[in-house]
file upload_34.txt (compact mmCIF, N, CA and C atoms)
# COMPACT_ATOMS: atom_id res chain seq x y z
N GLN A 1 -74.89 167.92 188.05
CA GLN A 1 -74.93 169.34 187.80
C GLN A 1 -75.16 170.08 189.13
N VAL A 2 -74.85 171.36 189.13
CA VAL A 2 -74.89 172.12 190.36
C VAL A 2 -76.30 172.59 190.65
N GLN A 3 -76.64 172.63 191.95
CA GLN A 3 -77.87 173.25 192.42
C GLN A 3 -77.49 174.48 193.24
N LEU A 4 -78.26 175.54 193.09
CA LEU A 4 -77.96 176.82 193.72
C LEU A 4 -79.14 177.28 194.56
N VAL A 5 -78.85 177.72 195.78
CA VAL A 5 -79.90 178.21 196.67
C VAL A 5 -79.46 179.54 197.27
N GLU A 6 -80.20 180.60 196.96
CA GLU A 6 -79.89 181.93 197.49
C GLU A 6 -80.58 182.15 198.83
N SER A 7 -80.00 183.04 199.62
CA SER A 7 -80.60 183.47 200.87
C SER A 7 -80.07 184.84 201.21
N GLY A 8 -80.69 185.47 202.20
CA GLY A 8 -80.19 186.75 202.69
C GLY A 8 -80.95 187.97 202.23
N GLY A 9 -81.94 187.79 201.36
CA GLY A 9 -82.73 188.93 200.94
C GLY A 9 -83.63 189.43 202.04
N GLY A 10 -84.26 190.56 201.79
CA GLY A 10 -85.17 191.12 202.78
C GLY A 10 -85.50 192.56 202.48
N LEU A 11 -86.08 193.22 203.49
CA LEU A 11 -86.47 194.61 203.40
C LEU A 11 -85.46 195.45 204.17
N VAL A 12 -84.95 196.48 203.54
CA VAL A 12 -83.97 197.35 204.18
C VAL A 12 -84.24 198.79 203.77
N GLN A 13 -83.89 199.72 204.63
CA GLN A 13 -84.05 201.12 204.30
C GLN A 13 -82.92 201.58 203.38
N ALA A 14 -83.20 202.60 202.62
CA ALA A 14 -82.17 203.19 201.76
C ALA A 14 -80.95 203.57 202.59
N GLY A 15 -79.78 203.26 202.05
CA GLY A 15 -78.53 203.50 202.76
C GLY A 15 -78.06 202.31 203.57
N GLY A 16 -78.91 201.32 203.72
CA GLY A 16 -78.57 200.14 204.50
C GLY A 16 -77.79 199.11 203.70
N SER A 17 -77.56 197.97 204.35
CA SER A 17 -76.76 196.91 203.76
C SER A 17 -77.45 195.55 203.88
N LEU A 18 -77.13 194.69 202.95
CA LEU A 18 -77.54 193.30 203.00
C LEU A 18 -76.41 192.45 202.43
N ARG A 19 -76.31 191.21 202.90
CA ARG A 19 -75.39 190.27 202.29
C ARG A 19 -76.17 189.06 201.79
N LEU A 20 -76.11 188.84 200.51
CA LEU A 20 -76.74 187.68 199.91
C LEU A 20 -75.75 186.52 199.87
N SER A 21 -76.27 185.33 200.06
CA SER A 21 -75.46 184.12 199.96
C SER A 21 -76.08 183.20 198.93
N CYS A 22 -75.23 182.41 198.30
CA CYS A 22 -75.68 181.41 197.34
C CYS A 22 -74.89 180.14 197.62
N ALA A 23 -75.59 179.14 198.12
CA ALA A 23 -74.96 177.87 198.45
C ALA A 23 -75.10 176.91 197.27
N ALA A 24 -73.98 176.33 196.88
CA ALA A 24 -73.96 175.40 195.75
C ALA A 24 -73.79 173.97 196.24
N SER A 25 -74.40 173.05 195.54
CA SER A 25 -74.27 171.63 195.88
C SER A 25 -74.42 170.80 194.62
N GLY A 26 -74.00 169.56 194.70
CA GLY A 26 -74.21 168.62 193.61
C GLY A 26 -73.08 168.48 192.63
N ASP A 27 -72.07 169.32 192.74
CA ASP A 27 -70.93 169.23 191.82
C ASP A 27 -69.76 169.97 192.44
N THR A 28 -68.60 169.86 191.82
CA THR A 28 -67.40 170.53 192.30
C THR A 28 -67.53 172.03 192.06
N PHE A 29 -67.54 172.79 193.15
CA PHE A 29 -67.84 174.22 193.07
C PHE A 29 -66.85 174.97 192.19
N THR A 30 -65.58 174.60 192.25
CA THR A 30 -64.56 175.34 191.50
C THR A 30 -64.62 175.08 190.00
N LYS A 31 -65.53 174.24 189.54
CA LYS A 31 -65.75 174.09 188.09
C LYS A 31 -66.51 175.28 187.52
N TYR A 32 -67.10 176.09 188.41
CA TYR A 32 -68.05 177.10 187.98
C TYR A 32 -67.56 178.52 188.22
N ALA A 33 -67.63 179.32 187.18
CA ALA A 33 -67.59 180.76 187.36
C ALA A 33 -68.98 181.17 187.85
N MET A 34 -69.01 182.14 188.75
CA MET A 34 -70.27 182.48 189.41
C MET A 34 -70.64 183.94 189.17
N GLY A 35 -71.92 184.21 189.27
CA GLY A 35 -72.36 185.59 189.10
C GLY A 35 -73.68 185.84 189.80
N TRP A 36 -73.99 187.12 189.93
CA TRP A 36 -75.28 187.57 190.44
C TRP A 36 -75.96 188.41 189.37
N PHE A 37 -77.24 188.18 189.20
CA PHE A 37 -78.09 188.94 188.30
C PHE A 37 -79.30 189.42 189.10
N ARG A 38 -80.05 190.33 188.52
CA ARG A 38 -81.27 190.77 189.20
C ARG A 38 -82.33 191.11 188.17
N ARG A 39 -83.58 191.02 188.62
CA ARG A 39 -84.72 191.41 187.78
C ARG A 39 -85.59 192.32 188.62
N ALA A 40 -85.65 193.59 188.22
CA ALA A 40 -86.52 194.56 188.88
C ALA A 40 -87.92 194.47 188.31
N PRO A 41 -88.92 194.93 189.07
CA PRO A 41 -90.30 194.87 188.57
C PRO A 41 -90.45 195.55 187.22
N GLY A 42 -91.00 194.83 186.25
CA GLY A 42 -91.25 195.40 184.94
C GLY A 42 -90.02 195.55 184.06
N LYS A 43 -88.90 195.00 184.48
CA LYS A 43 -87.67 195.15 183.71
C LYS A 43 -87.08 193.78 183.34
N GLU A 44 -86.15 193.82 182.40
CA GLU A 44 -85.45 192.60 182.02
C GLU A 44 -84.42 192.23 183.10
N ARG A 45 -84.07 190.97 183.10
CA ARG A 45 -83.00 190.53 183.98
C ARG A 45 -81.69 191.19 183.56
N GLU A 46 -80.87 191.59 184.55
CA GLU A 46 -79.61 192.25 184.23
C GLU A 46 -78.48 191.70 185.09
N PHE A 47 -77.30 191.76 184.54
CA PHE A 47 -76.09 191.33 185.23
C PHE A 47 -75.75 192.33 186.33
N VAL A 48 -75.24 191.81 187.45
CA VAL A 48 -74.82 192.66 188.56
C VAL A 48 -73.32 192.50 188.83
N ALA A 49 -72.87 191.26 189.02
CA ALA A 49 -71.47 191.03 189.38
C ALA A 49 -71.07 189.61 189.02
N GLY A 50 -69.78 189.43 188.74
CA GLY A 50 -69.27 188.09 188.42
C GLY A 50 -67.93 187.86 189.06
N ILE A 51 -67.59 186.58 189.25
CA ILE A 51 -66.33 186.21 189.89
C ILE A 51 -65.79 184.94 189.25
N SER A 52 -64.47 184.89 189.12
CA SER A 52 -63.83 183.75 188.49
C SER A 52 -63.83 182.55 189.44
N ARG A 53 -63.38 181.43 188.91
CA ARG A 53 -63.47 180.17 189.66
C ARG A 53 -62.66 180.18 190.97
N LEU A 54 -61.50 180.81 190.93
CA LEU A 54 -60.68 180.87 192.14
C LEU A 54 -60.89 182.17 192.92
N GLY A 55 -61.77 183.01 192.43
CA GLY A 55 -62.06 184.26 193.13
C GLY A 55 -61.05 185.35 192.92
N THR A 56 -60.16 185.20 191.94
CA THR A 56 -59.10 186.17 191.75
C THR A 56 -59.52 187.36 190.87
N ARG A 57 -60.59 187.17 190.11
CA ARG A 57 -61.06 188.24 189.23
C ARG A 57 -62.55 188.46 189.45
N THR A 58 -62.91 189.75 189.46
CA THR A 58 -64.31 190.12 189.61
C THR A 58 -64.66 191.21 188.59
N ASN A 59 -65.93 191.34 188.31
CA ASN A 59 -66.38 192.45 187.48
C ASN A 59 -67.80 192.82 187.89
N TYR A 60 -68.15 194.09 187.64
CA TYR A 60 -69.42 194.63 188.11
C TYR A 60 -70.05 195.51 187.03
N VAL A 61 -71.37 195.59 187.09
CA VAL A 61 -72.05 196.60 186.29
C VAL A 61 -71.73 197.96 186.91
N ASP A 62 -71.65 198.98 186.08
CA ASP A 62 -71.14 200.28 186.53
C ASP A 62 -71.90 200.84 187.74
N TYR A 63 -73.22 200.70 187.77
CA TYR A 63 -73.97 201.40 188.79
C TYR A 63 -73.97 200.69 190.15
N VAL A 64 -73.22 199.59 190.31
CA VAL A 64 -73.03 199.03 191.63
C VAL A 64 -71.58 199.07 192.08
N LYS A 65 -70.69 199.51 191.19
CA LYS A 65 -69.27 199.58 191.55
C LYS A 65 -69.09 200.50 192.75
N GLY A 66 -68.29 200.04 193.69
CA GLY A 66 -68.06 200.81 194.90
C GLY A 66 -69.10 200.59 195.97
N ARG A 67 -70.22 199.96 195.64
CA ARG A 67 -71.27 199.69 196.63
C ARG A 67 -71.43 198.18 196.88
N PHE A 68 -71.29 197.38 195.85
CA PHE A 68 -71.47 195.93 195.96
C PHE A 68 -70.12 195.23 195.84
N THR A 69 -69.97 194.11 196.54
CA THR A 69 -68.77 193.29 196.45
C THR A 69 -69.16 191.82 196.34
N ILE A 70 -68.66 191.19 195.30
CA ILE A 70 -68.88 189.75 195.14
C ILE A 70 -67.65 189.01 195.65
N SER A 71 -67.88 187.90 196.32
CA SER A 71 -66.78 187.08 196.81
C SER A 71 -67.26 185.63 196.84
N ARG A 72 -66.30 184.74 197.02
CA ARG A 72 -66.67 183.33 197.12
C ARG A 72 -65.77 182.63 198.12
N ASP A 73 -66.32 181.62 198.78
CA ASP A 73 -65.57 180.78 199.69
C ASP A 73 -65.66 179.37 199.12
N ASN A 74 -64.61 178.94 198.46
CA ASN A 74 -64.64 177.64 197.80
C ASN A 74 -64.65 176.48 198.81
N GLY A 75 -64.20 176.75 200.03
CA GLY A 75 -64.28 175.72 201.07
C GLY A 75 -65.69 175.50 201.55
N LYS A 76 -66.53 176.53 201.41
CA LYS A 76 -67.92 176.43 201.84
C LYS A 76 -68.89 176.32 200.67
N ASN A 77 -68.35 176.26 199.44
CA ASN A 77 -69.19 176.17 198.24
C ASN A 77 -70.24 177.28 198.20
N THR A 78 -69.81 178.48 198.50
CA THR A 78 -70.75 179.59 198.62
C THR A 78 -70.19 180.84 197.94
N VAL A 79 -71.07 181.56 197.28
CA VAL A 79 -70.73 182.86 196.73
C VAL A 79 -71.60 183.90 197.42
N TYR A 80 -71.02 185.08 197.63
CA TYR A 80 -71.70 186.14 198.37
C TYR A 80 -71.83 187.40 197.52
N LEU A 81 -72.79 188.21 197.89
CA LEU A 81 -72.90 189.55 197.34
C LEU A 81 -73.16 190.49 198.50
N GLN A 82 -72.14 191.24 198.87
CA GLN A 82 -72.28 192.26 199.91
C GLN A 82 -72.78 193.53 199.26
N MET A 83 -73.91 194.02 199.73
CA MET A 83 -74.53 195.20 199.13
C MET A 83 -74.61 196.31 200.17
N ASN A 84 -73.91 197.40 199.93
CA ASN A 84 -73.90 198.55 200.82
C ASN A 84 -74.53 199.75 200.14
N SER A 85 -74.88 200.74 200.92
CA SER A 85 -75.45 201.99 200.39
C SER A 85 -76.59 201.69 199.43
N LEU A 86 -77.48 200.85 199.87
CA LEU A 86 -78.57 200.42 198.99
C LEU A 86 -79.50 201.57 198.65
N LYS A 87 -80.02 201.51 197.44
CA LYS A 87 -80.93 202.52 196.93
C LYS A 87 -82.26 201.86 196.55
N PRO A 88 -83.34 202.62 196.54
CA PRO A 88 -84.63 202.04 196.14
C PRO A 88 -84.56 201.36 194.76
N GLU A 89 -83.75 201.89 193.86
CA GLU A 89 -83.64 201.29 192.53
C GLU A 89 -82.90 199.95 192.52
N ASP A 90 -82.35 199.56 193.67
CA ASP A 90 -81.74 198.22 193.77
C ASP A 90 -82.80 197.16 194.08
N THR A 91 -84.03 197.59 194.32
CA THR A 91 -85.10 196.63 194.58
C THR A 91 -85.28 195.70 193.40
N ALA A 92 -85.20 194.39 193.67
CA ALA A 92 -85.28 193.40 192.61
C ALA A 92 -85.24 192.00 193.23
N ILE A 93 -85.50 191.02 192.39
CA ILE A 93 -85.18 189.64 192.76
C ILE A 93 -83.76 189.38 192.29
N TYR A 94 -82.94 188.90 193.19
CA TYR A 94 -81.53 188.66 192.89
C TYR A 94 -81.32 187.16 192.70
N TYR A 95 -80.64 186.83 191.60
CA TYR A 95 -80.41 185.44 191.23
C TYR A 95 -78.91 185.14 191.20
N CYS A 96 -78.58 184.01 191.72
CA CYS A 96 -77.23 183.46 191.61
C CYS A 96 -77.16 182.61 190.35
N ALA A 97 -76.02 182.63 189.67
CA ALA A 97 -75.87 181.85 188.45
C ALA A 97 -74.49 181.24 188.37
N ALA A 98 -74.40 180.12 187.68
CA ALA A 98 -73.13 179.40 187.56
C ALA A 98 -72.89 179.00 186.11
N ASP A 99 -71.63 179.11 185.70
CA ASP A 99 -71.26 178.75 184.33
C ASP A 99 -70.05 177.82 184.36
N SER A 100 -70.20 176.64 183.76
CA SER A 100 -69.14 175.64 183.78
C SER A 100 -68.29 175.64 182.52
N ARG A 101 -68.63 176.45 181.55
CA ARG A 101 -67.89 176.42 180.29
C ARG A 101 -66.48 176.95 180.50
N LEU A 102 -65.50 176.19 180.08
CA LEU A 102 -64.10 176.53 180.37
C LEU A 102 -63.65 177.80 179.67
N HIS A 103 -64.29 178.16 178.55
CA HIS A 103 -63.87 179.38 177.85
C HIS A 103 -64.49 180.63 178.47
N ILE A 104 -65.29 180.46 179.53
CA ILE A 104 -65.87 181.59 180.26
C ILE A 104 -65.08 181.75 181.56
N PRO A 105 -64.11 182.67 181.64
CA PRO A 105 -63.32 182.81 182.87
C PRO A 105 -64.11 183.39 184.04
N GLN A 106 -65.07 184.27 183.71
CA GLN A 106 -65.94 184.78 184.75
C GLN A 106 -67.24 185.23 184.12
N VAL A 107 -68.29 185.14 184.88
CA VAL A 107 -69.60 185.57 184.41
C VAL A 107 -69.59 187.09 184.24
N ASN A 108 -70.16 187.56 183.13
CA ASN A 108 -70.25 189.00 182.92
C ASN A 108 -71.57 189.31 182.21
N ALA A 109 -71.70 190.54 181.75
CA ALA A 109 -72.97 190.98 181.18
C ALA A 109 -73.33 190.25 179.89
N SER A 110 -72.36 189.68 179.21
CA SER A 110 -72.64 189.01 177.95
C SER A 110 -72.77 187.49 178.11
N THR A 111 -72.64 187.03 179.34
CA THR A 111 -72.71 185.59 179.61
C THR A 111 -74.15 185.17 179.86
N ASN A 112 -74.49 184.01 179.40
CA ASN A 112 -75.79 183.42 179.73
C ASN A 112 -75.54 182.10 180.45
N PRO A 113 -75.36 182.15 181.76
CA PRO A 113 -75.02 180.94 182.50
C PRO A 113 -76.08 179.85 182.38
N GLY A 114 -75.63 178.62 182.55
CA GLY A 114 -76.54 177.51 182.38
C GLY A 114 -77.29 177.09 183.62
N TYR A 115 -76.87 177.60 184.78
CA TYR A 115 -77.48 177.16 186.04
C TYR A 115 -77.88 178.37 186.87
N TRP A 116 -79.08 178.29 187.42
CA TRP A 116 -79.66 179.42 188.15
C TRP A 116 -80.30 178.97 189.45
N GLY A 117 -80.24 179.86 190.45
CA GLY A 117 -81.01 179.64 191.66
C GLY A 117 -82.42 180.15 191.49
N GLN A 118 -83.19 180.04 192.57
CA GLN A 118 -84.61 180.41 192.51
C GLN A 118 -84.83 181.91 192.78
N GLY A 119 -83.81 182.56 193.29
CA GLY A 119 -83.90 184.00 193.52
C GLY A 119 -84.25 184.34 194.95
N THR A 120 -83.84 185.53 195.36
CA THR A 120 -84.19 186.06 196.68
C THR A 120 -84.58 187.53 196.51
N GLN A 121 -85.65 187.93 197.17
CA GLN A 121 -86.18 189.28 197.02
C GLN A 121 -85.42 190.27 197.88
N VAL A 122 -85.02 191.36 197.27
CA VAL A 122 -84.43 192.49 197.99
C VAL A 122 -85.33 193.70 197.75
N THR A 123 -85.79 194.29 198.83
CA THR A 123 -86.63 195.47 198.75
C THR A 123 -85.99 196.59 199.55
N VAL A 124 -85.75 197.71 198.89
CA VAL A 124 -85.13 198.87 199.53
C VAL A 124 -86.17 199.97 199.60
N SER A 125 -86.50 200.37 200.81
CA SER A 125 -87.51 201.40 200.99
C SER A 125 -86.85 202.77 201.04
N GLY A 126 -87.53 203.75 200.42
CA GLY A 126 -86.95 205.08 200.36
C GLY A 126 -87.36 205.96 201.50

call {"tool": "encode", "arguments": {"input": "upload_34.txt", "output": "structure tokens"}}
result
Amino acid sequence: QVQLVESGGGLVQAGGSLRLSCAASGDTFTKYAMGWFRRAPGKEREFVAGISRLGTRTNYVDYVKGRFTISRDNGKNTVYLQMNSLKPEDTAIYYCAADSRLHIPQVNASTNPGYWGQGTQVTVSG
């Protein structure tokens, strides 16, 4: 089964940018549709972005569209989340997730992936 390790979180001022990375190991990366979720303080975990196995299809929650971009490099077994124009409300722990079920073409808000990373903290100061 796949293991996921996120990196790239940190403290940034509002309007700034961060790029999160999620390195996968332990299985064939292209078996997995990938996604990013986040959990803000005192809130439930929520979907942020998803990408299909070959990277040809993506989807986003409405309030990050135009600011965040998900991508993957299957040669490096890594999925990325480029976050621009960050806002204080983007402060959260960001989690990478993987779904191997063939009937799931890409991770989305209704998906409950079976594999998760440990998370990386993103803090946006206002």

call {"tool": "residues_around", "arguments": {"input": "upload_34.txt", "residues": "A:Arg39", "least_positions_apart": "6", "cutoff": "6 Å", "atoms": "only C-alpha atoms", "output": "PDB file with N, CA and C atoms, in the coordinates of the input"}}
result
ATOM      1  N   ARG A  45     -84.070 190.970 183.100  1.00  0.00           N
ATOM      2  CA  ARG A  45     -83.000 190.530 183.980  1.00  0.00           C
ATOM      3  C   ARG A  45     -81.690 191.190 183.560  1.00  0.00           C
ATOM      4  N   ALA A  92     -85.200 194.390 193.670  1.00  0.00           N
ATOM      5  CA  ALA A  92     -85.280 193.400 192.610  1.00  0.00           C
ATOM      6  C   ALA A  92     -85.240 192.000 193.230  1.00  0.00           C
ATOM      7  N   ILE A  93     -85.500 191.020 192.390  1.00  0.00           N
ATOM      8  CA  ILE A  93     -85.180 189.640 192.760  1.00  0.00           C
ATOM      9  C   ILE A  93     -83.760 189.380 192.290  1.00  0.00           C
TER      10      ILE A  93
END

call {"tool": "closest_residue", "arguments": {"input": "upload_34.txt", "among": "A:Val79, A:Leu4, A:Val48, A:Met34", "to": "A:Val64", "atoms": "only N, CA and C atoms"}}
result
A:Val48

call {"tool": "closest_residue", "arguments": {"input": "upload_34.txt", "among": "A:Ile51, A:Leu86, A:Val2, A:Ile104", "to": "A:Ser71", "atoms": "only C-alpha atoms"}}
result
A:Ile51

call {"tool": "closest_residue", "arguments": {"input": "upload_34.txt", "among": "A:Ser17, A:Thr30, A:Gln121, A:Ser25", "to": "A:Gln3", "atoms": "all atoms listed in the file"}}
result
A:Ser25

call {"tool": "atom_distance", "arguments": {"input": "upload_34.txt", "atom1": "atom CA of A:Leu54", "atom2": "atom N of A:Arg72"}}
result
8.4 Å

call {"tool": "closest_residue", "arguments": {"input": "upload_34.txt", "among": "A:Ser110, A:Ser100, A:Thr120, A:Asn74", "to": "A:Gly8", "atoms": "only N, CA and C atoms"}}
result
A:Thr120

call {"tool": "residues_around", "arguments": {"input": "upload_34.txt", "residues": "A:Trp36", "least_positions_apart": "5", "cutoff": "8 Å", "atoms": "all atoms listed in the file", "output": "list in words"}}
result
Glu46, Phe47, Val48, Ala49, Gly50, Ile51, Ile70, Tyr80, Leu81, Tyr94, Tyr95, Cys96, Ala97, Ala98, Val107 and Asn108 of chain A

call {"tool": "atom_distance", "arguments": {"input": "upload_34.txt", "atom1": "atom C of A:Ser125", "atom2": "atom C of A:Ala23"}}
result
28.7 Å

call {"tool": "closest_residue", "arguments": {"input": "upload_34.txt", "among": "A:Ser85, A:Ser7, A:Asn77, A:Asn112", "to": "A:Phe29", "atoms": "only C-alpha atoms"}}
result
A:Asn77

call {"tool": "residues_around", "arguments": {"input": "upload_34.txt", "residues": "A:Lys87", "least_positions_apart": "3", "cutoff": "9 Å", "atoms": "only C-alpha atoms", "output": "JSON, numbers by chain"}}
result
{"A": [13, 14, 15, 16, 84, 90, 91, 124, 125, 126]}

call {"tool": "closest_residue", "arguments": {"input": "upload_34.txt", "among": "A:Gly35, A:Gly26, A:Gly10, A:Gly66", "to": "A:Trp116", "atoms": "only C-alpha atoms"}}
result
A:Gly35

call {"tool": "select_by_dssp", "arguments": {"input": "upload_34.txt", "residues": "chain A", "states": "helix (DSSP H, G or I)", "output": "ChimeraX atom specification"}}
result
/A:29-31,62-64,88-90

call {"tool": "write_last_selection", "arguments": {"input": "upload_34.txt", "atoms": "N, CA and C atoms", "output": "tab-separated table (two decimals), keeping the file's coordinate frame"}}
result
chain	number	residue	atom	x	y	z
A	29	PHE	N	-67.54	172.79	193.15
A	29	PHE	CA	-67.84	174.22	193.07
A	29	PHE	C	-66.85	174.97	192.19
A	30	THR	N	-65.58	174.60	192.25
A	30	THR	CA	-64.56	175.34	191.50
A	30	THR	C	-64.62	175.08	190.00
A	31	LYS	N	-65.53	174.24	189.54
A	31	LYS	CA	-65.75	174.09	188.09
A	31	LYS	C	-66.51	175.28	187.52
A	62	ASP	N	-71.65	198.98	186.08
A	62	ASP	CA	-71.14	200.28	186.53
A	62	ASP	C	-71.90	200.84	187.74
A	63	TYR	N	-73.22	200.70	187.77
A	63	TYR	CA	-73.97	201.40	188.79
A	63	TYR	C	-73.97	200.69	190.15
A	64	VAL	N	-73.22	199.59	190.31
A	64	VAL	CA	-73.03	199.03	191.63
A	64	VAL	C	-71.58	199.07	192.08
A	88	PRO	N	-83.34	202.62	196.54
A	88	PRO	CA	-84.63	202.04	196.14
A	88	PRO	C	-84.56	201.36	194.76
A	89	GLU	N	-83.75	201.89	193.86
A	89	GLU	CA	-83.64	201.29	192.53
A	89	GLU	C	-82.90	199.95	192.52
A	90	ASP	N	-82.35	199.56	193.67
A	90	ASP	CA	-81.74	198.22	193.77
A	90	ASP	C	-82.80	197.16	194.08

call {"tool": "atom_distance", "arguments": {"input": "upload_34.txt", "atom1": "atom CA of A:Gly117", "atom2": "atom N of A:Thr28"}}
result
15.8 Å

call {"tool": "select_by_dssp", "arguments": {"input": "upload_34.txt", "residues": "stretch 50-91 of chain A", "states": "strand (DSSP E or B)", "output": "count of residues only"}}
result
18

call {"tool": "axis_aligned_box", "arguments": {"input": "upload_34.txt", "around": "stretch 26-39 of chain A", "padding_each_side": "3 Å", "output": "lines of an AutoDock Vina configuration file"}}
result
center_x = -75.1
center_y = 180.4
center_z = 190.9
size_x = 27.0
size_y = 29.8
size_z = 13.5
